[in-house]
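Asker: I'd like to ask you about the structure that follows.
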Amino acid sequence: MTMFLYVIGFSILVTMALALARALAGPTVFDRILAVNMFGTKAVLLVAVVAFVTGRADVLDIALLYSLLNFVGVVAALRLVERGSFYATERIHVKTKPGEKL
Amino acid sequence: MMALIIDVFLLLFLIASAIGILRARHLFAMAMMFGLYSLLVASLFLLLDAPDVAFTEAAVGTGIATVLMLATLAATRRSSEKPRSRFSPSAMIITLLTGGLLFYGTLDLPNFGDPNAPLHTEMAARFIEQGQQDTGVPNLVTAVLASYRGFDTLGEVTVVFTAGVGVLLLLKRRRKPVVRGRSNAR
């Protein structure tokens with residue numbers, strides 16, 4: 001049973017690594033939002049696995065808090081992306097002339 | 001063994017996300033990455049058996065700070081960091097000086113893990129033996145943080161609360177922010 005939990009924990013860590021890679025590379029903002037959301041979900045799972053491996057059931061409360069915050073964060077991010085195409089495209093260097101308004 | 005593997009993985013993730021934040025130029029992506037970084041720090045606190053510190057870090061770092069940063073980005077117009085200026089010697093000197101002073105300050109502290117430090121000779125035993133009777137809190141880290149150092153924590157809470165109220169008052173504007181000359185009517 002413990003071996004089973006170890007395997008699960010390790011696979012969750014690998015999934016977290018993949019999500020992090022997407023969050024770092026993400027060509028668009030939506031990739032990053034999805035990757036951060038996925039990373040948060042995997043963190044919830046990892047905390048739950050750790051809680052069962054170590055036998056500390058009180059840690060599960062933290063997992064609940066993580067999932068709640070994850071939800072709030074993603075909703076806030078998507079609300080802001082909704083405001084026009086401003087945030088949907090990533091412009092790396094915005095060059096402005098001295099008098100030009102951005 | 002399991003804890004060691006998770007620690008190593010989470011610390012590697014931490015380094016990767018920190019480098020990602022440094023290299024990102026898009027402020028929106030940066031704010032999202034900060035949330036991720038904070039979640040990682042909170043998970044590490046949790047593995048160090050400090051659940052209420054993890055609670056605070058997750059709530060403040062991942063939740064409130066990310067939402068406030070994104071709201072601030074929505075209220076301002078620029079979405080991208082200015083191109084980085086060239087190397088400035090004066091900034092380098094100030095940074096090195098401050099770092100050197102801080103390092104000099106740590107020389108007075110007892111060495112990390114020193115068994116003769118006052119913490120280990122006098123306080124730790126008292127915390128471990130009497131903590132349960134003194135505070136009634138089952139978790140030792142929570143007992144030290146919230147009860148033995150209660151005034152310190154109260155001060156921190158006051159600072160965080162004041163900062164949060166200030167930012168909320170700044171963000172609450174009557175006029176809706178104009179997005180790059182485009183009208184809000186769609």
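By order of appearance in the structure tokens: chains A, B, ..., then residues from 1 within every chain, and ligands from 1 in the order shown.
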Show me which bits of chain B are within 6 Å of chain A, counting only C-alpha atoms, as a PyMOL selection string.
Answerer: chain B and resi 20+25+63
Asker: Please produce an output containing N, CA and C atoms for each residue in the selection, written as an mmCIF file, in the first residue's frame.
Answerer:
data_model
loop_
_atom_site.group_PDB
_atom_site.id
_atom_site.type_symbol
_atom_site.label_atom_id
_atom_site.label_comp_id
_atom_site.auth_asym_id
_atom_site.auth_seq_id
_atom_site.Cartn_x
_atom_site.Cartn_y
_atom_site.Cartn_z
ATOM 1 N N GLY B 20 12.186 31.499 -14.263
ATOM 2 C CA GLY B 20 11.132 31.875 -15.197
ATOM 3 C C GLY B 20 10.594 33.260 -14.925
ATOM 4 N N ARG B 25 9.002 38.760 -19.433
ATOM 5 C CA ARG B 25 8.872 40.186 -19.654
ATOM 6 C C ARG B 25 7.405 40.619 -19.578
ATOM 7 N N GLY B 63 -3.219 33.474 -3.081
ATOM 8 C CA GLY B 63 -4.560 34.029 -3.249
ATOM 9 C C GLY B 63 -4.565 35.531 -3.404
#
Asker: Using DSSP assignments from the backbone, pull out every residue in stretch 39-91 of chain B that falls under helix (DSSP H, G or I) and give it to me as a PyMOL selection string.
Answerer: chain B and resi 39-47+51-75+89-91
Asker: Can those selected residues be exported to a file as a compact mmCIF listing (two decimals), in the first residue's frame so that it contains N, CA, C and O atoms?
Answerer:
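Listed below is the output, out24.txt:
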# COMPACT_ATOMS: atom_id res chain seq x y z
N LEU B 39 2.91 28.96 -4.13
CA LEU B 39 2.32 27.65 -3.83
C LEU B 39 3.42 26.63 -3.51
O LEU B 39 3.27 25.81 -2.59
N LEU B 40 4.52 26.71 -4.25
CA LEU B 40 5.65 25.81 -3.99
C LEU B 40 6.24 26.06 -2.61
O LEU B 40 6.54 25.12 -1.87
N VAL B 41 6.41 27.35 -2.27
CA VAL B 41 6.96 27.68 -0.95
C VAL B 41 6.04 27.16 0.14
O VAL B 41 6.49 26.59 1.14
N ALA B 42 4.71 27.32 -0.08
CA ALA B 42 3.75 26.86 0.92
C ALA B 42 3.84 25.34 1.07
O ALA B 42 3.79 24.81 2.19
N SER B 43 4.02 24.63 -0.05
CA SER B 43 4.13 23.17 0.03
C SER B 43 5.37 22.76 0.81
O SER B 43 5.35 21.80 1.58
N LEU B 44 6.48 23.52 0.61
CA LEU B 44 7.69 23.20 1.35
C LEU B 44 7.50 23.43 2.84
O LEU B 44 7.96 22.64 3.67
N PHE B 45 6.80 24.52 3.20
CA PHE B 45 6.49 24.76 4.61
C PHE B 45 5.70 23.61 5.19
O PHE B 45 5.91 23.18 6.32
N LEU B 46 4.78 23.11 4.38
CA LEU B 46 3.93 22.01 4.84
C LEU B 46 4.77 20.77 5.11
O LEU B 46 4.58 20.08 6.12
N LEU B 47 5.73 20.50 4.21
CA LEU B 47 6.59 19.34 4.41
C LEU B 47 7.50 19.52 5.62
O LEU B 47 7.93 18.54 6.23
N PRO B 51 2.12 23.57 9.31
CA PRO B 51 0.92 23.73 8.48
C PRO B 51 0.32 25.13 8.51
O PRO B 51 -0.20 25.59 7.49
N ASP B 52 0.43 25.83 9.65
CA ASP B 52 -0.25 27.13 9.65
C ASP B 52 0.56 28.19 8.92
O ASP B 52 0.01 29.12 8.35
N VAL B 53 1.91 28.02 8.90
CA VAL B 53 2.71 28.91 8.07
C VAL B 53 2.37 28.68 6.60
O VAL B 53 2.24 29.62 5.81
N ALA B 54 2.20 27.39 6.24
CA ALA B 54 1.81 27.06 4.86
C ALA B 54 0.45 27.66 4.54
O ALA B 54 0.23 28.18 3.44
N PHE B 55 -0.45 27.61 5.51
CA PHE B 55 -1.78 28.20 5.35
C PHE B 55 -1.67 29.68 5.00
O PHE B 55 -2.27 30.16 4.04
N THR B 56 -0.86 30.39 5.82
CA THR B 56 -0.72 31.84 5.61
C THR B 56 -0.08 32.13 4.26
O THR B 56 -0.54 33.01 3.53
N GLU B 57 0.99 31.39 3.96
CA GLU B 57 1.71 31.64 2.70
C GLU B 57 0.79 31.40 1.51
O GLU B 57 0.77 32.19 0.56
N ALA B 58 0.00 30.32 1.58
CA ALA B 58 -0.88 30.02 0.45
C ALA B 58 -1.96 31.08 0.33
O ALA B 58 -2.25 31.55 -0.77
N ALA B 59 -2.55 31.49 1.46
CA ALA B 59 -3.65 32.45 1.39
C ALA B 59 -3.16 33.81 0.92
O ALA B 59 -3.77 34.44 0.06
N VAL B 60 -2.01 34.26 1.47
CA VAL B 60 -1.51 35.60 1.12
C VAL B 60 -0.81 35.57 -0.23
O VAL B 60 -1.11 36.36 -1.13
N GLY B 61 0.13 34.63 -0.40
CA GLY B 61 0.95 34.62 -1.61
C GLY B 61 0.18 34.21 -2.84
O GLY B 61 0.19 34.89 -3.86
N THR B 62 -0.48 33.04 -2.75
CA THR B 62 -1.15 32.53 -3.94
C THR B 62 -2.48 33.23 -4.16
O THR B 62 -2.83 33.54 -5.29
N GLY B 63 -3.22 33.47 -3.08
CA GLY B 63 -4.56 34.03 -3.25
C GLY B 63 -4.56 35.53 -3.40
O GLY B 63 -4.72 36.06 -4.50
N ILE B 64 -4.34 36.23 -2.29
CA ILE B 64 -4.57 37.68 -2.27
C ILE B 64 -3.56 38.40 -3.15
O ILE B 64 -3.94 39.26 -3.96
N ALA B 65 -2.27 38.04 -3.03
CA ALA B 65 -1.25 38.79 -3.76
C ALA B 65 -1.45 38.66 -5.26
O ALA B 65 -1.34 39.64 -6.00
N THR B 66 -1.77 37.43 -5.73
CA THR B 66 -1.97 37.24 -7.17
C THR B 66 -3.16 38.05 -7.66
O THR B 66 -3.07 38.74 -8.68
N VAL B 67 -4.27 37.98 -6.91
CA VAL B 67 -5.46 38.70 -7.34
C VAL B 67 -5.20 40.21 -7.35
O VAL B 67 -5.57 40.92 -8.29
N LEU B 68 -4.50 40.71 -6.30
CA LEU B 68 -4.22 42.15 -6.25
C LEU B 68 -3.30 42.56 -7.38
O LEU B 68 -3.50 43.61 -8.01
N MET B 69 -2.30 41.73 -7.68
CA MET B 69 -1.38 42.08 -8.77
C MET B 69 -2.10 42.11 -10.11
O MET B 69 -1.90 43.02 -10.91
N LEU B 70 -2.98 41.11 -10.32
CA LEU B 70 -3.70 41.06 -11.60
C LEU B 70 -4.65 42.25 -11.70
O LEU B 70 -4.79 42.86 -12.77
N ALA B 71 -5.30 42.60 -10.57
CA ALA B 71 -6.21 43.75 -10.58
C ALA B 71 -5.44 45.04 -10.87
O ALA B 71 -5.90 45.91 -11.61
N THR B 72 -4.22 45.13 -10.30
CA THR B 72 -3.40 46.31 -10.57
C THR B 72 -3.01 46.37 -12.04
O THR B 72 -3.01 47.44 -12.65
N LEU B 73 -2.67 45.22 -12.60
CA LEU B 73 -2.31 45.19 -14.02
C LEU B 73 -3.49 45.62 -14.88
O LEU B 73 -3.31 46.30 -15.90
N ALA B 74 -4.72 45.24 -14.45
CA ALA B 74 -5.89 45.63 -15.23
C ALA B 74 -6.11 47.13 -15.14
O ALA B 74 -6.63 47.74 -16.07
N ALA B 75 -5.73 47.74 -14.01
CA ALA B 75 -5.98 49.16 -13.83
C ALA B 75 -4.90 50.01 -14.49
O ALA B 75 -5.12 51.19 -14.73
N PRO B 89 26.78 50.56 -12.51
CA PRO B 89 27.74 50.25 -11.44
C PRO B 89 27.25 50.70 -10.07
O PRO B 89 27.48 50.01 -9.08
N SER B 90 26.55 51.86 -10.00
CA SER B 90 26.15 52.35 -8.69
C SER B 90 25.15 51.40 -8.04
O SER B 90 25.24 51.11 -6.85
N ALA B 91 24.20 50.86 -8.85
CA ALA B 91 23.23 49.90 -8.31
C ALA B 91 23.94 48.66 -7.81
O ALA B 91 23.62 48.11 -6.75
Asker: Go through B:Met1, B:Leu109, B:Ile21, B:Ala50 one by one, measure the shortest atom-to-atom distance of each to B:Thr142 using only C-alpha atoms, and give the residue with the smallest value.
Answerer: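 Using only C-alpha atoms, B:Thr142 sits closest to B:Ala50.
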Asker: Measure the distance from atom CA of A:Leu60 to atom CA of B:Ala18 in Å and round it to one decimal.
Answerer: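 Distance between the two atoms: 27.1 Å.
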Asker: Applying 8 Å and only C-alpha atoms, which residues near stretch 124-141 of chain B remain after dropping the ones on its own chain fewer than 4 positions away? List them as a ChimeraX atom specification.
Answerer: /B:49-50,119-120,145,147
Asker: Quick one: write out the picked residues with C-alpha atoms as an mmCIF file, in the first residue's frame?
Answerer:
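And here's part_33.cif as it stands now:
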data_model
loop_
_atom_site.group_PDB
_atom_site.id
_atom_site.type_symbol
_atom_site.label_atom_id
_atom_site.label_comp_id
_atom_site.auth_asym_id
_atom_site.auth_seq_id
_atom_site.Cartn_x
_atom_site.Cartn_y
_atom_site.Cartn_z
ATOM 1 C CA ASP B 49 5.629 20.332 9.463
ATOM 2 C CA ALA B 50 4.506 23.952 9.754
ATOM 3 C CA LEU B 119 17.721 28.138 21.464
ATOM 4 C CA HIS B 120 18.769 24.525 21.972
ATOM 5 C CA LEU B 145 4.266 31.118 16.212
ATOM 6 C CA SER B 147 1.242 31.757 21.246
#
Asker: Can you measure atom CA of B:Ile19 to atom CA of B:Phe34 for me? One decimal in Å is fine.
Answerer: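 Spanning atom CA of B:Ile19 to atom CA of B:Phe34 is a straight-line distance of 11.1 Å.
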Asker: I need the residue nearest A:Met38 from this list: B:Leu101, B:Ala3, B:Ala31, B:Leu36. Use only C-alpha atoms for the distance.
Answerer: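 Residue with the minimum atom-to-atom distance to A:Met38: B:Leu36.
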